[in-house]
Amino acid sequence: MTQSTEQSVSAGKIGLILPGGGARAAYQIGVLKAMSDLLPARSSNPFPIVVGTSAGAINATALAIFAHRYKVAVGNLERVWRNFEVPQVFDTDAVTMIRSGLRWVLAAISGGWLLPPPPSLLDNAPLRTLLKNNFDFARIDRALDEGYLDALAISAASYSNSRSVFFFQAGADKTSWTRVRHAGEPANITLDHLMASVAVPFLFPAVSMGNEFYGDGSMRQSSPFSPAIHLGADRVIVIATRTGDKQHSFVPVRGPSFGQIFGYMLDALFSDGLYADYERMSQINRIVKQMGPVEINGVKMRAIEMLVLMPSKDISEIARRHVSCLPRSLRVLLRSMGALNTSGSELMSYIMFQSAFTRELIELGYQDAMAQSHKIMDFMHGQILDTTGMTTAMRRLDLKHYAQQARNEVALAQEQRSQAT
């Protein structure tokens with residue numbers, strides 16, 4: 001058990017941030033299930049503001065739809081994730097896989113003259129059908145009207161304008177915002193928003209909304225904490241999908257396979273923005289706590305308490321144990337990409353929508369959260385914790401640059417305050 005300080009504040013509004021991670025998002029279900037067991041049986045949604053990206057957007061939307069009964073929402077999610085099979089997410093029959101592969105080859109050989117390249121490597125139409133049959137988006141407005149939810153935000157990336165967009169459904173008091181390369185826009189969340197948020201580049205096709213095409217919400221997402229704060233969160237809980245101190249095993253010296261490169265790309269896509277924004281938020285919190293309220297460029301900076309929950313085990317290692325459960329046609333494709341060996345386990349962990357794998361992740365998430373149950377409940381009741389949950393992991397990284405940057409910002413704020421007086 002991690003001890004909290006004796007300090008406490010009003011719990012305020014807690015924002016829940018569910019980042020992307022493909023099949024790894026099953027870990028989030030285990031953590032959410034543990035939280036539901038820690039709360040009274042008929043509790044409503046404890047997170048007034050819910051933000052989701054990619055696969056995390058699907059989990060976030062399910063929580064919003066059933067915001068009046070948190071345990072029911074988590075139970076519905078667990079039932080789907082525990083029984084996932086790859087064909088529920090994308091087509092894996094041999095004919096479809098061969099046709100897609102041949103089309104890529106012919107398009108490449110002919111320079112696009114014989115056939116244009118396909119819009120994506122895989123067709124995720126089955127996922128669209130699954131979500132359409134299980135999600136009643138009209139319930140989001142009902143949850144807002146009845147006070148069980150303040151806001152739901154879903155991210156997507158615009159290929160047209162090269163920016164990250166958070167589409168949010170909230171009360172009339174929540175207004176849009178625009179920053180460099182990212183924005184928040186009010187919208188009635190629909191199936192298209194979800195399909196856009198999960199449209200991993202190359203893997204799944206982009207989605208057209210309005211006059212723009214959108215892809216996976218993790219792209220260009222430099223500030224994943226931003227929408228929760230804009231929408232009124234005083235404290236945020238993040239359920240990450242990768243551990244912060246991954247240990248790499250020895251790999252013979254040779255060029256990386258396409259599968260390894262693709263897995264590396266997905267790992268960066270889903271995680272780097274979160275870690276970078278966490279560091280930035282930590283710096284701002286240190287400045288505000290040392291200096292008091294600080295205003296920068298007309299924006300009042302305030303401390304935002306954070307709790308980050310991460311897997312205690314390397315999910316790539318877990319995925320490697322479940323290779324045999326994948327459909328044969330998908331194994332053939334992964335083998336051709338060099339993704340069935342040790343170096344390709346990263347990629348496998350993101351597309352392994354198989355019950356054997358997702359059930360193990362749900363159990364891992366549940367056990368990890370229960371091991372920190374006192375810490376989680378203290379945070380939800382307004383305690384200020386000694387550690388945010390990512391502290392230990394970040395100690396392994398070189399933070400000297402960021403520490404110096406924070407000191408410089410404190411000095412600048414002191415100088416500005418001195419000149420003002």
# chains A, B, ... in the order shown; residues from 1 in each chain; ligands from 1
>>> residues_around(residues="A:Lys132", least_positions_apart="3", cutoff="12 Å", atoms="only C-alpha atoms", output="list in words")
Ile58, Ala125, Pro126, Leu127, Arg128, Thr129, Phe135, Asp136, Phe137, Thr190, Leu191, Asp192, Leu194 and Met195 of chain A
>>> write_last_selection(atoms="N, CA, C and O atoms", output="mmCIF file, in the first residue's frame")
data_model
loop_
_atom_site.group_PDB
_atom_site.id
_atom_site.type_symbol
_atom_site.label_atom_id
_atom_site.label_comp_id
_atom_site.auth_asym_id
_atom_site.auth_seq_id
_atom_site.Cartn_x
_atom_site.Cartn_y
_atom_site.Cartn_z
ATOM 1 N N ILE A 58 -13.666 3.754 -27.190
ATOM 2 C CA ILE A 58 -14.777 2.805 -27.115
ATOM 3 C C ILE A 58 -15.150 2.557 -25.652
ATOM 4 O O ILE A 58 -16.332 2.588 -25.279
ATOM 5 N N ALA A 125 -14.726 -3.357 -40.806
ATOM 6 C CA ALA A 125 -16.197 -3.275 -40.875
ATOM 7 C C ALA A 125 -16.880 -4.105 -39.786
ATOM 8 O O ALA A 125 -17.920 -3.682 -39.259
ATOM 9 N N PRO A 126 -16.347 -5.283 -39.401
ATOM 10 C CA PRO A 126 -16.983 -6.037 -38.308
ATOM 11 C C PRO A 126 -17.053 -5.249 -37.000
ATOM 12 O O PRO A 126 -18.019 -5.384 -36.252
ATOM 13 N N LEU A 127 -16.026 -4.433 -36.730
ATOM 14 C CA LEU A 127 -16.048 -3.629 -35.502
ATOM 15 C C LEU A 127 -17.174 -2.597 -35.563
ATOM 16 O O LEU A 127 -17.869 -2.370 -34.573
ATOM 17 N N ARG A 128 -17.358 -1.995 -36.719
ATOM 18 C CA ARG A 128 -18.452 -1.038 -36.886
ATOM 19 C C ARG A 128 -19.797 -1.703 -36.581
ATOM 20 O O ARG A 128 -20.653 -1.134 -35.889
ATOM 21 N N THR A 129 -19.976 -2.917 -37.088
ATOM 22 C CA THR A 129 -21.226 -3.644 -36.843
ATOM 23 C C THR A 129 -21.397 -3.957 -35.364
ATOM 24 O O THR A 129 -22.495 -3.812 -34.801
ATOM 25 N N PHE A 135 -24.181 -0.101 -28.953
ATOM 26 C CA PHE A 135 -24.131 1.251 -28.394
ATOM 27 C C PHE A 135 -25.364 2.057 -28.798
ATOM 28 O O PHE A 135 -25.644 2.225 -29.990
ATOM 29 N N ASP A 136 -26.067 2.573 -27.804
ATOM 30 C CA ASP A 136 -27.192 3.479 -28.030
ATOM 31 C C ASP A 136 -26.697 4.885 -27.708
ATOM 32 O O ASP A 136 -26.701 5.323 -26.547
ATOM 33 N N PHE A 137 -26.259 5.605 -28.721
ATOM 34 C CA PHE A 137 -25.624 6.906 -28.502
ATOM 35 C C PHE A 137 -26.584 7.941 -27.938
ATOM 36 O O PHE A 137 -26.152 8.948 -27.355
ATOM 37 N N THR A 190 -21.062 10.092 -32.335
ATOM 38 C CA THR A 190 -21.713 9.066 -33.148
ATOM 39 C C THR A 190 -20.761 7.914 -33.399
ATOM 40 O O THR A 190 -19.585 7.943 -33.005
ATOM 41 N N LEU A 191 -21.268 6.919 -34.096
ATOM 42 C CA LEU A 191 -20.449 5.773 -34.470
ATOM 43 C C LEU A 191 -19.261 6.195 -35.328
ATOM 44 O O LEU A 191 -18.159 5.646 -35.199
ATOM 45 N N ASP A 192 -19.457 7.190 -36.188
ATOM 46 C CA ASP A 192 -18.363 7.655 -37.038
ATOM 47 C C ASP A 192 -17.219 8.234 -36.207
ATOM 48 O O ASP A 192 -16.042 8.060 -36.563
ATOM 49 N N LEU A 194 -16.288 7.283 -33.245
ATOM 50 C CA LEU A 194 -15.549 6.157 -32.683
ATOM 51 C C LEU A 194 -14.694 5.475 -33.742
ATOM 52 O O LEU A 194 -13.526 5.141 -33.503
ATOM 53 N N MET A 195 -15.278 5.242 -34.928
ATOM 54 C CA MET A 195 -14.528 4.563 -35.987
ATOM 55 C C MET A 195 -13.350 5.422 -36.448
ATOM 56 O O MET A 195 -12.291 4.887 -36.821
#
>>> residues_around(residues="A:Ala64", least_positions_apart="5", cutoff="7 Å", atoms="only C-alpha atoms", output="number ranges by chain")
A: 140, 149, 152
>>> select_by_dssp(residues="stretch 44-250 of chain A", states="helix (DSSP H, G or I)", output="PyMOL selection string")
chain A and resi 55-65+70-82+86-88+94-110+125-134+138-145+191-197+226-230
>>> closest_residue(among="A:Ala73, A:Gly255, A:Thr358, A:Gly21", to="A:Val200", atoms="only C-alpha atoms")
A:Gly21
>>> closest_residue(among="A:Ile351, A:Ala67, A:Gly344, A:Gly22", to="A:Ile261", atoms="only C-alpha atoms")
A:Gly344
>>> atom_distance(atom1="atom CA of A:Ala170", atom2="atom CA of A:Arg142")
11.0 Å
>>> closest_residue(among="A:Phe47, A:Phe379, A:Phe204, A:Phe84", to="A:Tyr148", atoms="only C-alpha atoms")
A:Phe47
>>> residues_around(residues="stretch 221-231 of chain A", least_positions_apart="4", cutoff="8 Å", atoms="only C-alpha atoms", output="list of chain:residue names")
A:Gly15, A:Leu16, A:Ile17, A:Pro19, A:Ile49, A:Val50, A:Val51, A:Ala151, A:Ala153, A:Ser164, A:Phe166, A:Lys174, A:His182, A:Gly184, A:Gly217, A:Val236, A:Gly273, A:Leu274, A:Ala276, A:Asp277, A:Tyr278
>>> closest_atom_pairs(of="stretch 213-317 of chain A", to="stretch 366-378 of chain A", cutoff="9 Å", atoms="only C-alpha atoms", output="tab-separated table")
residue	atom	partner	partner_atom	distance
A:Ile237	CA	A:Ile376	CA	9.0
A:Leu307	CA	A:Ile376	CA	7.9
A:Leu309	CA	A:Ala369	CA	7.6
A:Met310	CA	A:Asp368	CA	8.1
A:Pro311	CA	A:Asp368	CA	7.0
A:Ser312	CA	A:Asp368	CA	6.7
>>> decode(residues="stretch 324-340 of chain A", atoms="all heavy atoms", output="CSV table (one decimal), in the first residue's frame")
chain,number,residue,atom,x,y,z
A,324,SER,N,-0.5,-18.7,-30.7
A,324,SER,CA,-1.2,-19.8,-31.4
A,324,SER,C,-2.7,-19.6,-31.4
A,324,SER,O,-3.4,-20.3,-32.2
A,324,SER,CB,-0.9,-21.1,-30.6
A,324,SER,OG,-1.3,-21.0,-29.2
A,325,CYS,N,-3.3,-18.7,-30.6
A,325,CYS,CA,-4.7,-18.5,-30.6
A,325,CYS,C,-5.2,-17.6,-31.8
A,325,CYS,O,-6.4,-17.5,-32.0
A,325,CYS,CB,-5.2,-18.0,-29.3
A,325,CYS,SG,-4.8,-16.2,-29.0
A,326,LEU,N,-4.3,-17.0,-32.5
A,326,LEU,CA,-4.7,-16.1,-33.6
A,326,LEU,C,-5.1,-16.9,-34.8
A,326,LEU,O,-4.7,-18.0,-35.0
A,326,LEU,CB,-3.5,-15.2,-34.0
A,326,LEU,CG,-3.0,-14.1,-33.0
A,326,LEU,CD1,-1.7,-13.5,-33.5
A,326,LEU,CD2,-4.1,-13.1,-32.9
A,327,PRO,N,-6.0,-16.4,-35.6
A,327,PRO,CA,-6.5,-17.1,-36.8
A,327,PRO,C,-5.3,-17.4,-37.7
A,327,PRO,O,-4.3,-16.6,-37.8
A,327,PRO,CB,-7.4,-16.1,-37.5
A,327,PRO,CG,-7.9,-15.2,-36.4
A,327,PRO,CD,-6.8,-15.1,-35.4
A,328,ARG,N,-5.3,-18.5,-38.4
A,328,ARG,CA,-4.2,-18.9,-39.2
A,328,ARG,C,-3.8,-17.9,-40.3
A,328,ARG,O,-2.6,-17.6,-40.5
A,328,ARG,CB,-4.5,-20.3,-39.9
A,328,ARG,CG,-3.3,-20.9,-40.6
A,328,ARG,CD,-3.6,-22.2,-41.1
A,328,ARG,NE,-2.4,-22.8,-41.8
A,328,ARG,CZ,-2.1,-22.6,-43.1
A,328,ARG,NH1,-2.9,-21.8,-43.8
A,328,ARG,NH2,-1.0,-23.2,-43.6
A,329,SER,N,-4.8,-17.3,-40.9
A,329,SER,CA,-4.5,-16.3,-42.0
A,329,SER,C,-3.8,-15.1,-41.4
A,329,SER,O,-2.9,-14.5,-42.1
A,329,SER,CB,-5.8,-15.9,-42.6
A,329,SER,OG,-6.7,-15.3,-41.7
A,330,LEU,N,-4.1,-14.7,-40.2
A,330,LEU,CA,-3.4,-13.6,-39.6
A,330,LEU,C,-2.0,-13.9,-39.2
A,330,LEU,O,-1.1,-13.1,-39.3
A,330,LEU,CB,-4.2,-13.1,-38.3
A,330,LEU,CG,-3.7,-11.8,-37.6
A,330,LEU,CD1,-3.5,-10.7,-38.6
A,330,LEU,CD2,-4.6,-11.5,-36.4
A,331,ARG,N,-1.8,-15.2,-38.7
A,331,ARG,CA,-0.4,-15.6,-38.4
A,331,ARG,C,0.4,-15.6,-39.6
A,331,ARG,O,1.6,-15.3,-39.6
A,331,ARG,CB,-0.5,-17.0,-37.8
A,331,ARG,CG,-1.1,-17.1,-36.4
A,331,ARG,CD,-0.7,-18.3,-35.6
A,331,ARG,NE,-0.8,-19.5,-36.3
A,331,ARG,CZ,-1.9,-20.3,-36.3
A,331,ARG,NH1,-3.0,-19.9,-35.6
A,331,ARG,NH2,-2.0,-21.4,-36.9
A,332,VAL,N,-0.1,-16.0,-40.8
A,332,VAL,CA,0.6,-16.0,-42.0
A,332,VAL,C,1.0,-14.6,-42.4
A,332,VAL,O,2.2,-14.3,-42.7
A,332,VAL,CB,-0.2,-16.6,-43.2
A,332,VAL,CG1,0.5,-16.4,-44.5
A,332,VAL,CG2,-0.4,-18.1,-42.9
A,333,LEU,N,0.1,-13.6,-42.2
A,333,LEU,CA,0.4,-12.2,-42.5
A,333,LEU,C,1.5,-11.7,-41.6
A,333,LEU,O,2.4,-11.1,-42.0
A,333,LEU,CB,-0.9,-11.4,-42.4
A,333,LEU,CG,-0.7,-9.9,-42.5
A,333,LEU,CD1,-0.2,-9.5,-44.0
A,333,LEU,CD2,-2.0,-9.1,-42.2
A,334,LEU,N,1.4,-12.0,-40.3
A,334,LEU,CA,2.4,-11.5,-39.3
A,334,LEU,C,3.7,-12.2,-39.6
A,334,LEU,O,4.8,-11.5,-39.4
A,334,LEU,CB,1.9,-11.9,-37.9
A,334,LEU,CG,0.7,-11.1,-37.4
A,334,LEU,CD1,0.2,-11.6,-36.1
A,334,LEU,CD2,1.0,-9.6,-37.3
A,335,ARG,N,3.7,-13.4,-40.0
A,335,ARG,CA,5.0,-14.1,-40.3
A,335,ARG,C,5.7,-13.4,-41.5
A,335,ARG,O,6.9,-13.2,-41.5
A,335,ARG,CB,4.8,-15.6,-40.6
A,335,ARG,CG,6.1,-16.4,-40.8
A,335,ARG,CD,5.8,-17.8,-41.1
A,335,ARG,NE,5.3,-18.5,-39.8
A,335,ARG,CZ,4.1,-18.9,-39.7
A,335,ARG,NH1,3.2,-18.8,-40.7
A,335,ARG,NH2,3.7,-19.5,-38.6
A,336,SER,N,4.9,-13.0,-42.5
A,336,SER,CA,5.5,-12.4,-43.6
A,336,SER,C,6.0,-11.0,-43.3
A,336,SER,O,6.9,-10.5,-44.0
A,336,SER,CB,4.4,-12.2,-44.7
A,336,SER,OG,3.4,-11.3,-44.4
A,337,MET,N,5.5,-10.4,-42.2
A,337,MET,CA,6.0,-9.1,-41.7
A,337,MET,C,7.2,-9.3,-40.7
A,337,MET,O,7.7,-8.3,-40.2
A,337,MET,CB,4.9,-8.3,-41.1
A,337,MET,CG,3.7,-8.0,-42.1
A,337,MET,SD,2.2,-7.5,-41.2
A,337,MET,CE,2.8,-6.0,-40.4
A,338,GLY,N,7.5,-10.5,-40.4
A,338,GLY,CA,8.5,-10.7,-39.4
A,338,GLY,C,8.1,-10.4,-38.0
A,338,GLY,O,8.8,-10.0,-37.1
A,339,ALA,N,6.8,-10.6,-37.7
A,339,ALA,CA,6.2,-10.2,-36.4
A,339,ALA,C,5.8,-11.4,-35.6
A,339,ALA,O,5.1,-11.2,-34.5
A,339,ALA,CB,5.0,-9.3,-36.7
A,340,LEU,N,6.2,-12.6,-35.9
A,340,LEU,CA,5.9,-13.7,-35.1
A,340,LEU,C,7.0,-14.1,-34.1
A,340,LEU,O,6.9,-15.1,-33.4
A,340,LEU,CB,5.5,-14.9,-35.9
A,340,LEU,CG,4.1,-14.9,-36.5
A,340,LEU,CD1,3.8,-16.3,-37.2
A,340,LEU,CD2,3.1,-14.6,-35.4
